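Chemist: Provided herewith is a single structure, encoded as structure tokens, for subsequent inquiry.
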Amino acid sequence: MNTLTLLPFIVLIAAMFLMTRSAKKKQQQAASMRNEMQPGSGVRTIGGMYATVKEVNDDTVLLDAGPGVELLFAKNAIGAVLTDDEYNRIVHGIEHDLKSDTDVVPDDASSLTDTETDDAADAAAASDDKAVDLGKKDVSEEKADGAEAAEARTAEARDAEAKADEEPKKTDGDSDAK
């Protein structure tokens, strides 16, 4: 056989070897990570649940998911063992390494402006726009508004009829132009 015909087979075998080697390395890292779990460490399961390790057995792990909630998981179901800082940041929202002398970005935009809320209210009151009343109307006001709206609608209907009468009627298919 020619070496040129064997070359694709050799490349294929080498690629398969490299792929299985990297997958095996990842499996070994995951197994060592699971074996290093200790009670009190924070974990994330492969389903995305965050919990604290309570007990570690040969094939199972007892997790504390909250007050009074203990769950038994297989060790293979643990996706990641988290550091204390990372677990507290994700679960409790606690940033451990925040420094008090750095500027903190506020949660709302109200503190980003220099004007106070009273100034904004004064400016809105001084504007020429008419205030909009969003409250409920009295029954008598609703009837008056309804009567005015009905009159406006009938006037518009009369105008539309007058325009229709002024325009010449169109016929289907008959045309005077030749």
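Chain labels run A, B, ... following the order of the structure tokens; each chain numbers its residues from 1, and ligands are numbered from 1 in the order shown.
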Could you pull the residues within 10 Å of Asp84 of chain A, counting only C-alpha atoms, minus those fewer than 6 positions along the same chain, as a PDB file with all heavy atoms, in the first residue's frame?
Modeler:
```
ATOM      1  N   GLY A  40     -19.630  22.512  54.342  1.00  0.00           N
ATOM      2  CA  GLY A  40     -19.548  23.963  54.470  1.00  0.00           C
ATOM      3  C   GLY A  40     -19.204  24.677  53.179  1.00  0.00           C
ATOM      4  O   GLY A  40     -19.341  25.896  53.084  1.00  0.00           O
ATOM      5  N   SER A  41     -18.746  23.964  52.163  1.00  0.00           N
ATOM      6  CA  SER A  41     -18.408  24.627  50.904  1.00  0.00           C
ATOM      7  C   SER A  41     -19.663  24.792  50.055  1.00  0.00           C
ATOM      8  O   SER A  41     -20.579  23.984  50.095  1.00  0.00           O
ATOM      9  CB  SER A  41     -17.333  23.847  50.145  1.00  0.00           C
ATOM     10  OG  SER A  41     -17.789  22.550  49.851  1.00  0.00           O
ATOM     11  N   GLY A  42     -19.695  25.849  49.266  1.00  0.00           N
ATOM     12  CA  GLY A  42     -20.826  26.120  48.389  1.00  0.00           C
ATOM     13  C   GLY A  42     -20.662  25.408  47.068  1.00  0.00           C
ATOM     14  O   GLY A  42     -19.561  25.346  46.519  1.00  0.00           O
ATOM     15  N   VAL A  43     -21.769  24.871  46.544  1.00  0.00           N
ATOM     16  CA  VAL A  43     -21.717  24.139  45.277  1.00  0.00           C
ATOM     17  C   VAL A  43     -22.864  24.572  44.384  1.00  0.00           C
ATOM     18  O   VAL A  43     -23.854  25.147  44.841  1.00  0.00           O
ATOM     19  CB  VAL A  43     -21.786  22.604  45.499  1.00  0.00           C
ATOM     20  CG1 VAL A  43     -20.583  22.104  46.244  1.00  0.00           C
ATOM     21  CG2 VAL A  43     -23.065  22.209  46.191  1.00  0.00           C
ATOM     22  N   HIS A  96     -17.549  40.756  48.844  1.00  0.00           N
ATOM     23  CA  HIS A  96     -16.585  40.701  49.936  1.00  0.00           C
ATOM     24  C   HIS A  96     -15.473  41.728  49.784  1.00  0.00           C
ATOM     25  O   HIS A  96     -15.016  42.313  50.748  1.00  0.00           O
ATOM     26  CB  HIS A  96     -15.990  39.302  50.019  1.00  0.00           C
ATOM     27  CG  HIS A  96     -14.960  39.148  51.089  1.00  0.00           C
ATOM     28  ND1 HIS A  96     -15.252  39.325  52.415  1.00  0.00           N
ATOM     29  CD2 HIS A  96     -13.643  38.867  51.025  1.00  0.00           C
ATOM     30  CE1 HIS A  96     -14.161  39.141  53.140  1.00  0.00           C
ATOM     31  NE2 HIS A  96     -13.176  38.862  52.309  1.00  0.00           N
TER      32      HIS A  96
END
```
Chemist: Which residues, written as JSON, numbers by chain, have at least one atom at most 12 Å from Ala74 of chain A, with only C-alpha atoms counted and residues fewer than 6 positions away on the same chain left out?
Modeler: {"A": [34, 45, 46, 55, 56, 57, 58, 59, 60, 61, 62, 63]}
Chemist: Keeping only N, CA, C and O atoms, write the selected residues to a file as a CSV table (one decimal), in the first residue's frame.
Modeler:
```csv
chain,number,residue,atom,x,y,z
A,34,ARG,N,-14.9,17.1,42.8
A,34,ARG,CA,-15.9,16.5,43.6
A,34,ARG,C,-15.3,15.8,44.8
A,34,ARG,O,-15.9,15.8,45.9
A,45,THR,N,-25.2,22.7,41.4
A,45,THR,CA,-25.5,21.4,40.8
A,45,THR,C,-25.6,21.5,39.3
A,45,THR,O,-25.6,22.6,38.8
A,46,ILE,N,-25.6,20.4,38.6
A,46,ILE,CA,-25.7,20.5,37.2
A,46,ILE,C,-27.1,21.0,36.7
A,46,ILE,O,-27.2,21.4,35.6
A,55,GLU,N,-22.9,17.0,54.2
A,55,GLU,CA,-22.2,15.8,54.4
A,55,GLU,C,-21.7,15.3,53.1
A,55,GLU,O,-22.3,15.5,52.0
A,56,VAL,N,-20.6,14.6,53.1
A,56,VAL,CA,-20.0,14.0,51.9
A,56,VAL,C,-19.8,12.5,52.1
A,56,VAL,O,-19.1,12.1,53.1
A,57,ASN,N,-20.4,11.7,51.3
A,57,ASN,CA,-20.3,10.2,51.4
A,57,ASN,C,-19.5,9.7,50.2
A,57,ASN,O,-19.0,10.5,49.4
A,58,ASP,N,-19.4,8.4,50.0
A,58,ASP,CA,-18.7,7.8,48.9
A,58,ASP,C,-19.3,8.3,47.6
A,58,ASP,O,-18.6,8.7,46.7
A,59,ASP,N,-20.6,8.1,47.4
A,59,ASP,CA,-21.2,8.3,46.1
A,59,ASP,C,-22.3,9.4,46.2
A,59,ASP,O,-22.8,9.9,45.2
A,60,THR,N,-22.6,9.9,47.4
A,60,THR,CA,-23.7,10.9,47.6
A,60,THR,C,-23.2,12.1,48.3
A,60,THR,O,-22.2,12.0,49.0
A,61,VAL,N,-23.9,13.2,48.2
A,61,VAL,CA,-23.7,14.4,48.9
A,61,VAL,C,-25.0,14.9,49.5
A,61,VAL,O,-26.0,15.0,48.8
A,62,LEU,N,-25.0,15.3,50.8
A,62,LEU,CA,-26.2,15.9,51.4
A,62,LEU,C,-26.0,17.4,51.4
A,62,LEU,O,-25.0,17.9,51.9
A,63,LEU,N,-26.9,18.1,50.7
A,63,LEU,CA,-26.9,19.5,50.5
A,63,LEU,C,-27.9,20.2,51.4
A,63,LEU,O,-29.0,19.7,51.5
```
Chemist: Within 12 Å of Gly79 of chain A, counting only C-alpha atoms, which residues show up once you throw out same-chain ones fewer than 4 positions away? Write them as a list in words, please.
Modeler: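 Non-adjacent residues within range: Gln27, Gln29, Ala30, Ala31, Met33, Arg34, Met37, Gly42, Val43, Arg44, Thr45, Ile46, Gly47, Gly48, Met49, Tyr50, Ala51, Phe73, Ala74 and Lys75 of chain A.
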Chemist: What residues in segment 1-43 of chain A get the DSSP label alpha helix (DSSP H)? Please answer as a PDB file with N, CA, C and O atoms, in the first residue's frame.
Modeler:
```pdb
ATOM      1  N   THR A   3       1.791   5.079   1.055  1.00  0.00           N
ATOM      2  CA  THR A   3       1.686   5.887   2.285  1.00  0.00           C
ATOM      3  C   THR A   3       0.682   7.018   2.115  1.00  0.00           C
ATOM      4  O   THR A   3       0.117   7.486   3.093  1.00  0.00           O
ATOM      5  N   LEU A   4       0.465   7.426   0.880  1.00  0.00           N
ATOM      6  CA  LEU A   4      -0.503   8.490   0.614  1.00  0.00           C
ATOM      7  C   LEU A   4      -1.927   8.024   0.905  1.00  0.00           C
ATOM      8  O   LEU A   4      -2.763   8.804   1.360  1.00  0.00           O
ATOM      9  N   THR A   5      -2.229   6.779   0.698  1.00  0.00           N
ATOM     10  CA  THR A   5      -3.568   6.264   1.000  1.00  0.00           C
ATOM     11  C   THR A   5      -3.751   6.037   2.501  1.00  0.00           C
ATOM     12  O   THR A   5      -4.875   6.057   3.001  1.00  0.00           O
ATOM     13  N   LEU A   6      -2.680   5.795   3.230  1.00  0.00           N
ATOM     14  CA  LEU A   6      -2.764   5.595   4.679  1.00  0.00           C
ATOM     15  C   LEU A   6      -2.843   6.914   5.459  1.00  0.00           C
ATOM     16  O   LEU A   6      -3.241   6.917   6.623  1.00  0.00           O
ATOM     17  N   LEU A   7      -2.448   8.011   4.844  1.00  0.00           N
ATOM     18  CA  LEU A   7      -2.389   9.307   5.526  1.00  0.00           C
ATOM     19  C   LEU A   7      -3.754   9.741   6.092  1.00  0.00           C
ATOM     20  O   LEU A   7      -3.819  10.168   7.257  1.00  0.00           O
ATOM     21  N   PRO A   8      -4.885   9.659   5.387  1.00  0.00           N
ATOM     22  CA  PRO A   8      -6.172  10.048   5.981  1.00  0.00           C
ATOM     23  C   PRO A   8      -6.532   9.218   7.214  1.00  0.00           C
ATOM     24  O   PRO A   8      -7.065   9.729   8.196  1.00  0.00           O
ATOM     25  N   PHE A   9      -6.210   7.929   7.179  1.00  0.00           N
ATOM     26  CA  PHE A   9      -6.500   7.069   8.323  1.00  0.00           C
ATOM     27  C   PHE A   9      -5.653   7.463   9.533  1.00  0.00           C
ATOM     28  O   PHE A   9      -6.133   7.459  10.677  1.00  0.00           O
ATOM     29  N   ILE A  10      -4.423   7.793   9.318  1.00  0.00           N
ATOM     30  CA  ILE A  10      -3.524   8.198  10.403  1.00  0.00           C
ATOM     31  C   ILE A  10      -4.001   9.517  11.023  1.00  0.00           C
ATOM     32  O   ILE A  10      -4.017   9.673  12.248  1.00  0.00           O
ATOM     33  N   VAL A  11      -4.394  10.456  10.184  1.00  0.00           N
ATOM     34  CA  VAL A  11      -4.894  11.743  10.678  1.00  0.00           C
ATOM     35  C   VAL A  11      -6.178  11.542  11.482  1.00  0.00           C
ATOM     36  O   VAL A  11      -6.373  12.143  12.542  1.00  0.00           O
ATOM     37  N   LEU A  12      -7.054  10.672  11.014  1.00  0.00           N
ATOM     38  CA  LEU A  12      -8.307  10.389  11.712  1.00  0.00           C
ATOM     39  C   LEU A  12      -8.053   9.764  13.085  1.00  0.00           C
ATOM     40  O   LEU A  12      -8.654  10.154  14.088  1.00  0.00           O
ATOM     41  N   ILE A  13      -7.144   8.816  13.158  1.00  0.00           N
ATOM     42  CA  ILE A  13      -6.815   8.165  14.429  1.00  0.00           C
ATOM     43  C   ILE A  13      -6.182   9.168  15.391  1.00  0.00           C
ATOM     44  O   ILE A  13      -6.487   9.177  16.591  1.00  0.00           O
ATOM     45  N   ALA A  14      -5.322  10.042  14.898  1.00  0.00           N
ATOM     46  CA  ALA A  14      -4.683  11.058  15.745  1.00  0.00           C
ATOM     47  C   ALA A  14      -5.715  12.036  16.286  1.00  0.00           C
ATOM     48  O   ALA A  14      -5.662  12.429  17.471  1.00  0.00           O
ATOM     49  N   ALA A  15      -6.679  12.451  15.457  1.00  0.00           N
ATOM     50  CA  ALA A  15      -7.723  13.378  15.903  1.00  0.00           C
ATOM     51  C   ALA A  15      -8.590  12.725  16.973  1.00  0.00           C
ATOM     52  O   ALA A  15      -8.940  13.358  17.983  1.00  0.00           O
ATOM     53  N   MET A  16      -8.949  11.464  16.790  1.00  0.00           N
ATOM     54  CA  MET A  16      -9.743  10.757  17.801  1.00  0.00           C
ATOM     55  C   MET A  16      -8.969  10.640  19.110  1.00  0.00           C
ATOM     56  O   MET A  16      -9.532  10.800  20.196  1.00  0.00           O
ATOM     57  N   PHE A  17      -7.677  10.375  19.045  1.00  0.00           N
ATOM     58  CA  PHE A  17      -6.858  10.268  20.244  1.00  0.00           C
ATOM     59  C   PHE A  17      -6.826  11.603  20.998  1.00  0.00           C
ATOM     60  O   PHE A  17      -6.977  11.636  22.225  1.00  0.00           O
ATOM     61  N   LEU A  18      -6.650  12.696  20.282  1.00  0.00           N
ATOM     62  CA  LEU A  18      -6.585  14.009  20.929  1.00  0.00           C
ATOM     63  C   LEU A  18      -7.922  14.393  21.563  1.00  0.00           C
ATOM     64  O   LEU A  18      -7.960  14.981  22.652  1.00  0.00           O
ATOM     65  N   MET A  19      -9.029  14.070  20.891  1.00  0.00           N
ATOM     66  CA  MET A  19     -10.346  14.395  21.447  1.00  0.00           C
ATOM     67  C   MET A  19     -10.635  13.589  22.704  1.00  0.00           C
ATOM     68  O   MET A  19     -11.137  14.120  23.696  1.00  0.00           O
ATOM     69  N   THR A  20     -10.330  12.298  22.689  1.00  0.00           N
ATOM     70  CA  THR A  20     -10.591  11.484  23.878  1.00  0.00           C
ATOM     71  C   THR A  20      -9.660  11.874  25.017  1.00  0.00           C
ATOM     72  O   THR A  20     -10.038  11.796  26.183  1.00  0.00           O
ATOM     73  N   ARG A  21      -8.464  12.302  24.702  1.00  0.00           N
ATOM     74  CA  ARG A  21      -7.509  12.717  25.735  1.00  0.00           C
ATOM     75  C   ARG A  21      -8.006  13.968  26.458  1.00  0.00           C
ATOM     76  O   ARG A  21      -7.962  14.053  27.683  1.00  0.00           O
ATOM     77  N   SER A  22      -8.540  14.958  25.713  1.00  0.00           N
ATOM     78  CA  SER A  22      -9.032  16.184  26.353  1.00  0.00           C
ATOM     79  C   SER A  22     -10.298  15.899  27.164  1.00  0.00           C
ATOM     80  O   SER A  22     -10.472  16.452  28.251  1.00  0.00           O
ATOM     81  N   ALA A  23     -11.148  15.023  26.667  1.00  0.00           N
ATOM     82  CA  ALA A  23     -12.357  14.673  27.413  1.00  0.00           C
ATOM     83  C   ALA A  23     -12.000  13.926  28.692  1.00  0.00           C
ATOM     84  O   ALA A  23     -12.594  14.152  29.750  1.00  0.00           O
ATOM     85  N   LYS A  24     -11.011  13.046  28.616  1.00  0.00           N
ATOM     86  CA  LYS A  24     -10.579  12.302  29.792  1.00  0.00           C
ATOM     87  C   LYS A  24      -9.966  13.237  30.828  1.00  0.00           C
ATOM     88  O   LYS A  24     -10.180  13.085  32.035  1.00  0.00           O
ATOM     89  N   LYS A  25      -9.240  14.232  30.368  1.00  0.00           N
ATOM     90  CA  LYS A  25      -8.622  15.201  31.272  1.00  0.00           C
ATOM     91  C   LYS A  25      -9.698  16.011  32.005  1.00  0.00           C
ATOM     92  O   LYS A  25      -9.606  16.259  33.210  1.00  0.00           O
ATOM     93  N   LYS A  26     -10.758  16.410  31.287  1.00  0.00           N
ATOM     94  CA  LYS A  26     -11.858  17.146  31.910  1.00  0.00           C
ATOM     95  C   LYS A  26     -12.587  16.286  32.941  1.00  0.00           C
ATOM     96  O   LYS A  26     -12.978  16.762  34.008  1.00  0.00           O
ATOM     97  N   GLN A  27     -12.775  14.999  32.633  1.00  0.00           N
ATOM     98  CA  GLN A  27     -13.421  14.096  33.581  1.00  0.00           C
ATOM     99  C   GLN A  27     -12.581  13.938  34.842  1.00  0.00           C
ATOM    100  O   GLN A  27     -13.113  13.886  35.954  1.00  0.00           O
ATOM    101  N   GLN A  28     -11.276  13.853  34.699  1.00  0.00           N
ATOM    102  CA  GLN A  28     -10.396  13.722  35.861  1.00  0.00           C
ATOM    103  C   GLN A  28     -10.440  14.983  36.720  1.00  0.00           C
ATOM    104  O   GLN A  28     -10.455  14.904  37.949  1.00  0.00           O
ATOM    105  N   GLN A  29     -10.460  16.144  36.093  1.00  0.00           N
ATOM    106  CA  GLN A  29     -10.551  17.395  36.847  1.00  0.00           C
ATOM    107  C   GLN A  29     -11.866  17.480  37.598  1.00  0.00           C
ATOM    108  O   GLN A  29     -11.902  17.907  38.757  1.00  0.00           O
ATOM    109  N   ALA A  30     -12.969  17.069  36.973  1.00  0.00           N
ATOM    110  CA  ALA A  30     -14.275  17.101  37.630  1.00  0.00           C
ATOM    111  C   ALA A  30     -14.305  16.125  38.801  1.00  0.00           C
ATOM    112  O   ALA A  30     -14.851  16.435  39.871  1.00  0.00           O
ATOM    113  N   ALA A  31     -13.722  14.947  38.633  1.00  0.00           N
ATOM    114  CA  ALA A  31     -13.700  13.965  39.715  1.00  0.00           C
ATOM    115  C   ALA A  31     -12.860  14.469  40.881  1.00  0.00           C
ATOM    116  O   ALA A  31     -13.258  14.308  42.051  1.00  0.00           O
ATOM    117  N   SER A  32     -11.733  15.072  40.609  1.00  0.00           N
ATOM    118  CA  SER A  32     -10.897  15.600  41.706  1.00  0.00           C
ATOM    119  C   SER A  32     -11.604  16.760  42.415  1.00  0.00           C
ATOM    120  O   SER A  32     -11.517  16.894  43.635  1.00  0.00           O
ATOM    121  N   MET A  33     -12.322  17.588  41.661  1.00  0.00           N
ATOM    122  CA  MET A  33     -13.085  18.687  42.256  1.00  0.00           C
ATOM    123  C   MET A  33     -14.167  18.137  43.185  1.00  0.00           C
ATOM    124  O   MET A  33     -14.353  18.634  44.294  1.00  0.00           O
ATOM    125  N   ARG A  34     -14.851  17.093  42.763  1.00  0.00           N
ATOM    126  CA  ARG A  34     -15.902  16.492  43.594  1.00  0.00           C
ATOM    127  C   ARG A  34     -15.325  15.808  44.826  1.00  0.00           C
ATOM    128  O   ARG A  34     -15.945  15.797  45.874  1.00  0.00           O
ATOM    129  N   ASN A  35     -14.142  15.230  44.691  1.00  0.00           N
ATOM    130  CA  ASN A  35     -13.521  14.562  45.834  1.00  0.00           C
ATOM    131  C   ASN A  35     -12.981  15.566  46.857  1.00  0.00           C
ATOM    132  O   ASN A  35     -12.803  15.218  48.017  1.00  0.00           O
TER     133      ASN A  35
END
```
Chemist: Between A:Ala160, A:Ala152, A:Ile90, A:Val53, which residue has the minimum interatomic distance to Leu72 of chain A, considering only C-alpha atoms?
Modeler: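 Closest candidate: A:Val53.
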